[in-house]
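What follows is one structure encoded as structure tokens, with my remarks underneath.
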Amino acid sequence: MKGTTPLAARTVVAGLIGLAVAAVMAEAPKQAPLPRLRWPVAVIAHRAGAGVAPENTLAAIREAIRLKVDYVEIDVRATSDGALVIMHDSSVDRTTNGHGKVSELTLAEVRSLRVANAFGPAFDGQKVPTLDEALEACRGKVNVYLDHKDGDTGKVLAAVRKHRMERRVVVYNGVDGVREWKRRAPGIPVMPSLPGEFRRPGGVAAFLAACPAEVLDGHVITWSRELVDDAHAAGSMVYVDVMGPTDTPEGYAAAMALGVDGLQTDHPERLIAYLRDHRRNTVR
């Protein structure tokens with residue numbers, strides 16, 4: 001620089017670099033903190049533990065809490081009168097003694113149904129829970145992996161805040177959905193699935209640049225060690241699904257060999273037994 005000493009020039013350059021770095025950091029979205037875990041990898045009870053109790057019920061949540069899982073995964077849908085209930089399918093046909101789409105039934109009609117039970121008399125008489133009931137059952141006891149399938153985002157967020165669960169949830173949704181959550185509640189972590197077209201070298205970073213997220217999801221068979229490493233390098237954790245033929249000790253071992261951060265399972269009791277057997281039960 002003309003008219004300046006070498007030291008002064010270096011100082012100016014260093015200052016400009018510092019300002020540029022600060023600007024980039026200011027523009028980069030901040031990562032929301034994820035809930036604390038009991039296990040070295042997150043133990044996530046799919047539909048609150050569909051292999052141990054009637055899925056998406058308060059009984060399943062209580063059983064998952066008894067097992068000491070890290071998260072219960074529950075599915076949220078809206079009824080025709082705008083109430084939020086816990087139901088995986090778009091209709092009530094498979095899991096209850098009723099018929100029809102959740103979105104076409106009132107809350108009273110959904111609440112009148114009996115949940116199907118193949119787990120013995122201890123689980124008889126279960127009703128479809130509301131989101132409020134599910135969050136109240138979880139508060140202070142277990143984290144919630146909230147699969148936001150349907151329903152007004154503002155109402156779901158209000159329920160999370162009402163039960164003071166902001167630091168105990170991670171929200172799963174599609175790309176547009178997680179962007180809406182980040183716009184409304186940047187302090188709540190979100191989790192989309194990694195689209196297939198981004199499962200390539202450099203793809204994870206490109207996806208996260210367009211859709212910032214604290215966690216990425218997907219079935220274990222769609223992930224490789226390289227993709228998991230790419231996600232970690234880009235600042236995201238990876239929770240994989242192991243439901244189906246991979247919901248076994250061999251499947252858990254294969255998933256953990258990828259370096260993932262969480263496993264979603266229908267059988268949390270099996271995963272916890274595996275972690276204990278392999279001396280991976282250090283409490284965080």
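Just remember, in the structure tokens the first chain shown is A, the second B, etc., residues are 1-based per chain, and ligands are 1-based in the order shown.
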Looking only at alpha helix (DSSP H) from DSSP on the backbone, list the matching residues of segment 33-276 of chain A as JSON, numbers by chain.
-> {"A": [58, 59, 60, 61, 62, 63, 64, 65, 66, 67, 107, 108, 109, 110, 111, 131, 132, 133, 134, 135, 136, 137, 138, 153, 154, 155, 156, 157, 158, 159, 160, 161, 162, 175, 176, 177, 178, 179, 180, 181, 182, 183, 184, 203, 204, 205, 206, 207, 208, 209, 210, 225, 226, 227, 228, 229, 230, 231, 232, 233, 249, 250, 251, 252, 253, 254, 255, 256, 257, 268, 269, 270, 271, 272, 273, 274, 275, 276]}
All residues 12 Å or closer to Arg111 of chain A, only C-alpha atoms, same chain fewer than 3 positions away omitted, as a VMD selection string | chain A and resid 79 83 to 87 92 96 to 98 102 105 to 108 114 to 115 125 to 130
12 Å contact set for segment 266-270 of chain A, only C-alpha atoms, chain neighbours under 2 positions out, as a PyMOL selection string = chain A and resi 39+42-56+60-61+63-73+241-252+262-264+272-277
Find the residues near segment 218-226 of chain A: any atom within 7 Å, counting only C-alpha atoms, skip ones fewer than 3 places away on the same chain, and give them as a list of chain:residue names.
->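 Counting only C-alpha atoms, the residues come to A:Ser193, A:Leu194, A:Asp229, A:Asp230, A:Val240, A:Asp241, A:Val242, A:Ala255, A:Leu258, A:Gly259.
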Export of prior selection with C-alpha atoms as a PDB file, in the first residue's frame:
ATOM      1  CA  SER A 193     -34.172 -36.595   4.926  1.00  0.00           C
ATOM      2  CA  LEU A 194     -31.217 -36.218   2.576  1.00  0.00           C
ATOM      3  CA  ASP A 229     -18.396 -38.077   7.324  1.00  0.00           C
ATOM      4  CA  ASP A 230     -19.518 -35.391   4.848  1.00  0.00           C
ATOM      5  CA  VAL A 240     -30.756 -43.366  10.608  1.00  0.00           C
ATOM      6  CA  ASP A 241     -33.794 -45.636  10.501  1.00  0.00           C
ATOM      7  CA  VAL A 242     -33.124 -49.332  11.077  1.00  0.00           C
ATOM      8  CA  ALA A 255     -25.175 -48.720  11.396  1.00  0.00           C
ATOM      9  CA  LEU A 258     -20.950 -45.883   9.636  1.00  0.00           C
ATOM     10  CA  GLY A 259     -20.392 -43.443  12.482  1.00  0.00           C
TER      11      GLY A 259
END
Could you state the separation of atom CA of Ser91 of chain A and atom CA of Asp152 of chain A in Å, given to one decimal place?
->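 Here the two named atoms are 18.1 Å from each other.
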Would you please give, as a count of residues only, all residues of segment 6-231 of chain A that DSSP assigns to strand (DSSP E) based on the backbone?
-> 32
Which residues are near Gly154 of chain A? Cut-off 10 Å, only C-alpha atoms, ignore same chain within fewer than 5 positions. Put them as a PDB file with C-alpha atoms, in the first residue's frame.
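out-v5.pdb written:
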ATOM      1  CA  ALA A 159     -47.988 -26.759  21.741  1.00  0.00           C
ATOM      2  CA  VAL A 160     -44.232 -27.352  22.013  1.00  0.00           C
ATOM      3  CA  GLU A 180     -40.736 -22.856   7.833  1.00  0.00           C
ATOM      4  CA  TRP A 181     -39.762 -24.181  11.267  1.00  0.00           C
ATOM      5  CA  ARG A 184     -40.534 -19.375  13.036  1.00  0.00           C
ATOM      6  CA  ALA A 185     -38.304 -20.978  15.673  1.00  0.00           C
TER       7      ALA A 185
END
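Checking A:Met191, A:Val169, A:Val228, A:Val215 one by one against Ala257 of chain A, counting only C-alpha atoms, you find the shortest gap at A:Val228.
The space between atom CA of His278 of chain A and atom CA of Thr265 of chain A spans 17.7 Å.
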